[in-house]
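Notes for the one structure printed next.
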Amino acid sequence: MRLVVGIGLRTDTSYRELRDLLDSALAGLEPRDVTQVVTVDGREAEPGLQRLVASLGASLFTATALELSQQPVPTPSDHVDQLAGTASVAEAAVILSGAELLAPKQRSARATVAVGRLPEEQVPAAPGYAVGDRDVVHRVLAERRDVRRGFLDRPIADDLLTRVLESAHRAPSVGLSQPWDFVLIRDLATRRKVHDLATSQRDAFAASLPAGRRSAFDGLKIEAILDTPLNIAVTCDAGRGGRHVLGRHADPRTTWFSVAIAIQNLWLAARAEGLGVGWVSFFEPGEVAAVLGLPGHVELVGYLCVGHVEEFAGTPELVRSGWAARRPLSWAVHQEAWGSRGLPGEQPAAVIAKDAARAGSAVRAVAGEQSVYLAVVDGADGAEYLRRADGLVVRVGAEKPTADFGVLWRPARTVDEAVELGVEVARDLAPQGVSEIVVEVVEPSDITEGLARGIFLGGLACGVSVKGSDGVGEVSHSSA
């Protein structure tokens, strides 16, 4: 038998009063059968209640006063309604849990208790956090920032840093292999060497950009290596745990995924502690590994700048600067199979081209000035277009090309699929500040022209100007 106990109580009700009242309400039932204790929001932190729940080995749940007030109960109370905003706490909590109320509530001077029995087929779910705690978790997630400005010249206390590293070290990992290590770097000479590497790569990246995009990039700060008192290099030992690490055999990438999760844990814990973190990726990992003296079998995954900050910005810097925007969640959620897009509870849209206007409206506000010259090819490699700083190639053939961020592989099998993929290409470019796409179909076919048509549809939906390479709103054709 699994029992649910509903409890209404006043502030500072003692454990002894609650225990005596519960023992009376159980009336011969076994305390060890109590699996859930339910009360109203705001009472879960009462010491007497917490001690009672711990002594029972039960899970503590809370419900809002509104939820409780909507339950039909045998003995409502106007007095309780005035105090708690619901005519019943104990009985309503039992009924809300889905349990059968075994007897009316019992009272003491400062509390009420009701007991119910869960149906045998009903398995209780693990409890979530109380509303206040849950809000804090979501707040930390929402307010995490990649910080590069406003760091203070203030050391990080050892106990604070240890708490942050402990949170990182608690991260899940494939087969509990824990492939990460944390190299703490305070020495200014070492940080200057890493800073020089980042500066060199920044200059190389800037030189690769089209003129308009380069101008926008010049205003962005990409690192705070010398601005923070502490840098942390997070590494990965891909062989840690030996040959038979559980879960790694089919997908070795899970080792690196594990390290990324540890970095996210560190980042969130740092935000909760008031520390800013910036991830620097403007260098070749092997060069930084040489500066830090990493052994050959250990790889650098993340290089973090950590320190106290003046403030945490309300929005990410790349959003504030107009460099990029977030994709709407609805673009990223597929129900049952790829392409059937829609949020939970919505009817998924099977064909995004038919819903392009609504789907693209969320990124119309991106004030980008980037122009992209996009060549659609089938078998051709499109290398000549990559010589242009604004060049991008979309390849539709079945053969996967060599990995290159300048070449997007979209192996469309049908014209309809090509149109859908074209809409996606335009929608993916729009949040990156692209305001104009010039399309050239290098190898005309039903598939390549379908993809170009999708680019026009997606661009139109997102407020991106799309035209052919001849300068008008028609697709230009050329032979390969």
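Each chain of the structure tokens is named A, B, ... in the order shown, its residues numbered from 1; ligands are numbered from 1 in display order.
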Would you mind listing what lies within 12 Å of Thr13 of chain A as a list of chain:residue names, with only C-alpha atoms counted and same-chain residues fewer than 5 positions away left out?
-> A:Ile7, A:Gly8, A:Leu18, A:Arg19, A:Asp20, A:Leu21, A:Arg43, A:Ala45, A:Glu46, A:Pro47, A:Gly48, A:Leu49, A:Gln50, A:Arg51, A:Leu52, A:Ser108, A:Ala109, A:Arg110, A:Ala111, A:Thr112
Just N, CA and C atoms for this one: save the residues we selected as a PDB file, in the first residue's frame.
ATOM      1  N   ILE A   7      -0.832  17.857   4.425  1.00  0.00           N
ATOM      2  CA  ILE A   7      -0.594  18.572   5.677  1.00  0.00           C
ATOM      3  C   ILE A   7      -0.800  20.062   5.474  1.00  0.00           C
ATOM      4  N   GLY A   8      -1.635  20.650   6.343  1.00  0.00           N
ATOM      5  CA  GLY A   8      -1.727  22.090   6.458  1.00  0.00           C
ATOM      6  C   GLY A   8      -1.143  22.501   7.797  1.00  0.00           C
ATOM      7  N   LEU A  18       3.468  17.672  14.677  1.00  0.00           N
ATOM      8  CA  LEU A  18       3.133  17.046  13.394  1.00  0.00           C
ATOM      9  C   LEU A  18       3.213  15.527  13.483  1.00  0.00           C
ATOM     10  N   ARG A  19       4.212  15.018  14.204  1.00  0.00           N
ATOM     11  CA  ARG A  19       4.380  13.567  14.285  1.00  0.00           C
ATOM     12  C   ARG A  19       3.234  12.943  15.074  1.00  0.00           C
ATOM     13  N   ASP A  20       2.878  13.545  16.179  1.00  0.00           N
ATOM     14  CA  ASP A  20       1.776  13.007  16.977  1.00  0.00           C
ATOM     15  C   ASP A  20       0.465  13.035  16.194  1.00  0.00           C
ATOM     16  N   LEU A  21       0.233  14.122  15.454  1.00  0.00           N
ATOM     17  CA  LEU A  21      -0.991  14.230  14.667  1.00  0.00           C
ATOM     18  C   LEU A  21      -1.014  13.200  13.549  1.00  0.00           C
ATOM     19  N   ARG A  43       5.064  26.496   2.440  1.00  0.00           N
ATOM     20  CA  ARG A  43       5.254  25.801   3.713  1.00  0.00           C
ATOM     21  C   ARG A  43       6.332  24.718   3.631  1.00  0.00           C
ATOM     22  N   ALA A  45       9.447  24.838   3.431  1.00  0.00           N
ATOM     23  CA  ALA A  45      10.705  25.109   4.144  1.00  0.00           C
ATOM     24  C   ALA A  45      10.558  25.052   5.658  1.00  0.00           C
ATOM     25  N   GLU A  46       9.359  24.756   6.160  1.00  0.00           N
ATOM     26  CA  GLU A  46       9.162  24.671   7.612  1.00  0.00           C
ATOM     27  C   GLU A  46      10.031  23.558   8.200  1.00  0.00           C
ATOM     28  N   PRO A  47      10.871  23.859   9.198  1.00  0.00           N
ATOM     29  CA  PRO A  47      11.776  22.842   9.753  1.00  0.00           C
ATOM     30  C   PRO A  47      11.047  21.613  10.290  1.00  0.00           C
ATOM     31  N   GLY A  48       9.931  21.819  10.973  1.00  0.00           N
ATOM     32  CA  GLY A  48       9.205  20.672  11.507  1.00  0.00           C
ATOM     33  C   GLY A  48       8.701  19.766  10.418  1.00  0.00           C
ATOM     34  N   LEU A  49       8.216  20.344   9.320  1.00  0.00           N
ATOM     35  CA  LEU A  49       7.728  19.545   8.198  1.00  0.00           C
ATOM     36  C   LEU A  49       8.876  18.816   7.514  1.00  0.00           C
ATOM     37  N   GLN A  50       9.972  19.503   7.311  1.00  0.00           N
ATOM     38  CA  GLN A  50      11.115  18.864   6.664  1.00  0.00           C
ATOM     39  C   GLN A  50      11.622  17.674   7.486  1.00  0.00           C
ATOM     40  N   ARG A  51      11.654  17.827   8.788  1.00  0.00           N
ATOM     41  CA  ARG A  51      12.108  16.722   9.642  1.00  0.00           C
ATOM     42  C   ARG A  51      11.137  15.550   9.561  1.00  0.00           C
ATOM     43  N   LEU A  52       9.832  15.859   9.531  1.00  0.00           N
ATOM     44  CA  LEU A  52       8.838  14.795   9.423  1.00  0.00           C
ATOM     45  C   LEU A  52       9.004  14.022   8.119  1.00  0.00           C
ATOM     46  N   SER A 108      -4.834  19.480  14.998  1.00  0.00           N
ATOM     47  CA  SER A 108      -4.173  19.800  16.261  1.00  0.00           C
ATOM     48  C   SER A 108      -4.249  21.311  16.411  1.00  0.00           C
ATOM     49  N   ALA A 109      -3.545  21.857  17.365  1.00  0.00           N
ATOM     50  CA  ALA A 109      -3.633  23.301  17.593  1.00  0.00           C
ATOM     51  C   ALA A 109      -3.138  24.107  16.392  1.00  0.00           C
ATOM     52  N   ARG A 110      -2.124  23.605  15.662  1.00  0.00           N
ATOM     53  CA  ARG A 110      -1.490  24.401  14.605  1.00  0.00           C
ATOM     54  C   ARG A 110      -1.416  23.688  13.267  1.00  0.00           C
ATOM     55  N   ALA A 111      -2.058  22.527  13.141  1.00  0.00           N
ATOM     56  CA  ALA A 111      -1.903  21.767  11.900  1.00  0.00           C
ATOM     57  C   ALA A 111      -3.130  20.907  11.615  1.00  0.00           C
ATOM     58  N   THR A 112      -3.252  20.478  10.361  1.00  0.00           N
ATOM     59  CA  THR A 112      -4.247  19.487   9.949  1.00  0.00           C
ATOM     60  C   THR A 112      -3.537  18.431   9.115  1.00  0.00           C
TER      61      THR A 112
END
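If you count only C-alpha atoms and ignore residues fewer than 2 places along the chain from Ala87 of chain A, what sits within 12 Å of it is Gly8, Val40, Ala65, Leu66, Glu67, Leu68, Ser69, Gln70, Gln71, Pro72, Val73, Pro74, Thr75, Pro76, Ser77, Asp78, His79, Val80, Asp81, Gln82, Leu83, Ala84, Gly85, Val89, Ala90, Glu91, Ala92 and Ala93 of chain A.
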For C-alpha atoms, I'd like the residues from the last selection saved as an mmCIF file, in the first residue's frame.
data_model
loop_
_atom_site.group_PDB
_atom_site.id
_atom_site.type_symbol
_atom_site.label_atom_id
_atom_site.label_comp_id
_atom_site.auth_asym_id
_atom_site.auth_seq_id
_atom_site.Cartn_x
_atom_site.Cartn_y
_atom_site.Cartn_z
ATOM 1 C CA GLY A 8 -1.727 22.090 6.458
ATOM 2 C CA VAL A 40 0.659 24.282 0.060
ATOM 3 C CA ALA A 65 -3.537 27.551 -3.202
ATOM 4 C CA LEU A 66 -5.474 27.906 -6.458
ATOM 5 C CA GLU A 67 -4.944 24.234 -7.334
ATOM 6 C CA LEU A 68 -6.050 23.171 -3.849
ATOM 7 C CA SER A 69 -9.106 25.435 -3.870
ATOM 8 C CA GLN A 70 -10.422 23.658 -6.959
ATOM 9 C CA GLN A 71 -10.640 20.249 -5.235
ATOM 10 C CA PRO A 72 -13.977 19.057 -3.751
ATOM 11 C CA VAL A 73 -13.340 18.262 -0.068
ATOM 12 C CA PRO A 74 -15.619 16.839 2.665
ATOM 13 C CA THR A 75 -14.741 19.368 5.377
ATOM 14 C CA PRO A 76 -13.915 22.833 4.006
ATOM 15 C CA SER A 77 -13.080 25.639 6.430
ATOM 16 C CA ASP A 78 -13.708 29.368 6.030
ATOM 17 C CA HIS A 79 -10.979 30.058 8.575
ATOM 18 C CA VAL A 80 -8.415 28.079 6.559
ATOM 19 C CA ASP A 81 -9.603 29.856 3.413
ATOM 20 C CA GLN A 82 -8.806 33.210 5.004
ATOM 21 C CA LEU A 83 -5.357 32.061 6.130
ATOM 22 C CA ALA A 84 -4.217 29.996 3.153
ATOM 23 C CA GLY A 85 -6.362 31.103 0.212
ATOM 24 C CA VAL A 89 -5.045 22.132 2.489
ATOM 25 C CA ALA A 90 -4.719 18.637 3.948
ATOM 26 C CA GLU A 91 -7.744 16.984 2.282
ATOM 27 C CA ALA A 92 -7.383 18.903 -0.980
ATOM 28 C CA ALA A 93 -3.697 17.953 -1.186
#
Contacts of segment 193-200 of chain A within 7 Å, only C-alpha atoms, excl. fewer than 6 positions in-chain, as an mmCIF file with C-alpha atoms, in the first residue's frame:
data_model
loop_
_atom_site.group_PDB
_atom_site.id
_atom_site.type_symbol
_atom_site.label_atom_id
_atom_site.label_comp_id
_atom_site.auth_asym_id
_atom_site.auth_seq_id
_atom_site.Cartn_x
_atom_site.Cartn_y
_atom_site.Cartn_z
ATOM 1 C CA ILE A 225 42.346 36.915 -21.234
ATOM 2 C CA PHE A 282 40.139 32.392 -31.263
ATOM 3 C CA PHE A 283 43.210 30.192 -31.387
ATOM 4 C CA VAL A 288 47.580 26.792 -26.544
#
Between A:Val53, A:Ala58, A:Leu101, A:Val333, which has the minimum distance to Glu346 of chain A (counting only C-alpha atoms)?
-> A:Val333
Minimum-distance residue to Ala171 of chain A, chosen among A:Ala269, A:Val277, A:Ala380, A:Ala398 (using only C-alpha atoms) | A:Ala269
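Checking A:Gly314, A:Gly459, A:Pro348, A:Gly397 one by one against Glu143 of chain A, counting only C-alpha atoms, you find the shortest gap at A:Gly314.
You will find atom CA of Leu460 of chain A at 13.9 Å from atom CA of Glu420 of chain A.
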Can you list every residue in segment 129-283 of chain A that DSSP puts in helix (DSSP H, G or I), as an MDAnalysis selection string?
-> chainID A and resid 131:143 158:169 174:176 188:208 211:218 254:272
Export of the given selection (C-alpha atoms) as a compact mmCIF listing (two decimals), in the first residue's frame:
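File written: out.txt
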# COMPACT_ATOMS: atom_id res chain seq x y z
CA VAL A 131 8.13 26.90 -7.32
CA GLY A 132 10.65 29.33 -5.85
CA ASP A 133 13.57 26.96 -6.31
CA ARG A 134 12.43 26.08 -9.82
CA ASP A 135 12.31 29.76 -10.75
CA VAL A 136 15.87 30.22 -9.54
CA VAL A 137 17.11 27.36 -11.74
CA HIS A 138 15.43 28.81 -14.82
CA ARG A 139 16.71 32.27 -13.94
CA VAL A 140 20.31 31.07 -13.83
CA LEU A 141 19.87 29.42 -17.22
CA ALA A 142 18.31 32.55 -18.73
CA GLU A 143 20.87 34.95 -17.26
CA ASP A 158 39.41 30.08 -2.92
CA ASP A 159 36.23 28.71 -1.35
CA LEU A 160 34.09 30.33 -4.07
CA LEU A 161 36.28 28.91 -6.83
CA THR A 162 36.19 25.48 -5.23
CA ARG A 163 32.38 25.51 -5.20
CA VAL A 164 32.32 26.38 -8.90
CA LEU A 165 34.82 23.64 -9.76
CA GLU A 166 32.90 21.14 -7.66
CA SER A 167 29.79 21.89 -9.71
CA ALA A 168 31.74 21.37 -12.91
CA HIS A 169 33.16 18.11 -11.56
CA VAL A 174 29.82 8.81 -20.52
CA GLY A 175 30.42 5.71 -18.42
CA LEU A 176 31.35 8.00 -15.50
CA LEU A 188 50.41 37.03 -16.39
CA ALA A 189 53.24 35.90 -18.67
CA THR A 190 51.36 32.73 -19.60
CA ARG A 191 48.16 34.66 -20.24
CA ARG A 192 50.03 37.10 -22.47
CA LYS A 193 51.26 34.24 -24.63
CA VAL A 194 47.70 32.92 -25.01
CA HIS A 195 46.45 36.46 -25.66
CA ASP A 196 48.96 36.84 -28.51
CA LEU A 197 47.65 33.64 -30.09
CA ALA A 198 44.07 34.86 -29.86
CA THR A 199 44.98 38.26 -31.32
CA SER A 200 46.67 36.62 -34.29
CA GLN A 201 43.61 34.48 -35.02
CA ARG A 202 41.29 37.45 -34.58
CA ASP A 203 43.24 39.34 -37.24
CA ALA A 204 43.10 36.36 -39.59
CA PHE A 205 39.34 36.02 -39.13
CA ALA A 206 38.79 39.74 -39.66
CA ALA A 207 40.76 39.59 -42.91
CA SER A 208 38.48 36.80 -44.19
CA ALA A 211 33.97 44.66 -45.78
CA GLY A 212 30.58 45.30 -44.13
CA ARG A 213 30.86 42.33 -41.81
CA ARG A 214 34.46 43.27 -40.96
CA SER A 215 33.34 46.72 -39.86
CA ALA A 216 30.75 45.17 -37.51
CA PHE A 217 33.33 42.69 -36.19
CA ASP A 218 35.80 45.47 -35.34
CA THR A 254 30.35 11.28 -26.13
CA THR A 255 33.72 11.77 -24.42
CA TRP A 256 33.99 15.34 -25.71
CA PHE A 257 30.29 15.93 -25.10
CA SER A 258 30.94 15.08 -21.46
CA VAL A 259 33.59 17.78 -21.17
CA ALA A 260 31.25 20.33 -22.76
CA ILE A 261 28.64 19.51 -20.12
CA ALA A 262 31.22 20.06 -17.39
CA ILE A 263 31.97 23.50 -18.86
CA GLN A 264 28.26 24.34 -18.86
CA ASN A 265 28.01 23.27 -15.22
CA LEU A 266 30.97 25.51 -14.39
CA TRP A 267 29.40 28.42 -16.28
CA LEU A 268 26.04 28.16 -14.54
CA ALA A 269 27.59 27.75 -11.10
CA ALA A 270 29.80 30.79 -11.75
CA ARG A 271 26.76 32.86 -12.72
CA ALA A 272 24.98 31.82 -9.52
If you count only C-alpha atoms, which residues fall within 9 Å of Thr228 of chain A, apart from same-chain ones fewer than 3 positions away, as a JSON list (two decimals) with N, CA and C atoms, in the first residue's frame?
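File written: selection-v3.json
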[["chain", "number", "residue", "atom", "x", "y", "z"],
["A", 151, "PHE", "N", 35.02, 43.36, -16.41],
["A", 151, "PHE", "CA", 35.60, 42.57, -15.32],
["A", 151, "PHE", "C", 36.29, 43.49, -14.31],
["A", 152, "LEU", "N", 36.23, 43.12, -13.05],
["A", 152, "LEU", "CA", 36.83, 43.89, -11.97],
["A", 152, "LEU", "C", 38.19, 43.32, -11.60],
["A", 153, "ASP", "N", 39.07, 44.20, -11.16],
["A", 153, "ASP", "CA", 40.39, 43.78, -10.70],
["A", 153, "ASP", "C", 40.27, 43.30, -9.25],
["A", 154, "ARG", "N", 39.69, 42.11, -9.11],
["A", 154, "ARG", "CA", 39.40, 41.58, -7.79],
["A", 154, "ARG", "C", 39.66, 40.08, -7.79],
["A", 155, "PRO", "N", 40.42, 39.57, -6.83],
["A", 155, "PRO", "CA", 40.70, 38.13, -6.82],
["A", 155, "PRO", "C", 39.45, 37.31, -6.50],
["A", 186, "ARG", "N", 46.85, 31.76, -13.64],
["A", 186, "ARG", "CA", 46.88, 33.13, -13.10],
["A", 186, "ARG", "C", 48.10, 33.91, -13.57],
["A", 224, "ALA", "N", 38.82, 38.15, -22.91],
["A", 224, "ALA", "CA", 39.19, 38.95, -21.73],
["A", 224, "ALA", "C", 40.35, 38.26, -21.01],
["A", 225, "ILE", "N", 41.26, 37.73, -21.78],
["A", 225, "ILE", "CA", 42.35, 36.92, -21.23],
["A", 225, "ILE", "C", 43.18, 37.69, -20.22],
["A", 231, "ASN", "N", 42.27, 32.47, -15.67],
["A", 231, "ASN", "CA", 41.85, 31.73, -16.87],
["A", 231, "ASN", "C", 41.81, 30.25, -16.50],
["A", 305, "CYS", "N", 37.74, 32.65, -19.44],
["A", 305, "CYS", "CA", 38.19, 33.81, -18.66],
["A", 305, "CYS", "C", 37.17, 34.03, -17.55],
["A", 306, "VAL", "N", 37.61, 34.07, -16.30],
["A", 306, "VAL", "CA", 36.69, 34.05, -15.16],
["A", 306, "VAL", "C", 37.04, 35.18, -14.20],
["A", 307, "GLY", "N", 36.00, 35.89, -13.73],
["A", 307, "GLY", "CA", 36.25, 36.94, -12.75],
["A", 307, "GLY", "C", 34.97, 37.63, -12.33],
["A", 308, "HIS", "N", 35.07, 38.45, -11.28],
["A", 308, "HIS", "CA", 33.96, 39.29, -10.86],
["A", 308, "HIS", "C", 33.71, 40.36, -11.92]]
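The residues of segment 125-288 of chain A that DSSP classifies as strand (DSSP E), using the backbone of this structure, are Trp180, Asp181, Phe182, Val183, Leu184, Ile185, Leu230, Asn231, Ile232, Ala233, Val234, Thr235, Cys236, Asp237, Leu275, Gly276, Val277, Gly278, Trp279 and Val280 of chain A.
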Could you give me, as number ranges by chain, the residues within 12 Å of His334 of chain A, counting only C-alpha atoms and dropping anything in the same chain fewer than 5 positions from it?
-> A: 329, 339-344, 346-352
Kindly assemble as a tab-separated table a list of the segment 359-457 of chain A residues that lie within 6 Å of segment 323-328 of chain A, each paired with its nearest atom pair and their distance in Å to one decimal, using only C-alpha atoms, sorted first by chain and then by ascending residue number.
residue	atom	partner	partner_atom	distance
A:Pro431	CA	A:Ala325	CA	4.6
A:Gln432	CA	A:Ala324	CA	4.4
A:Gly433	CA	A:Ala324	CA	5.4
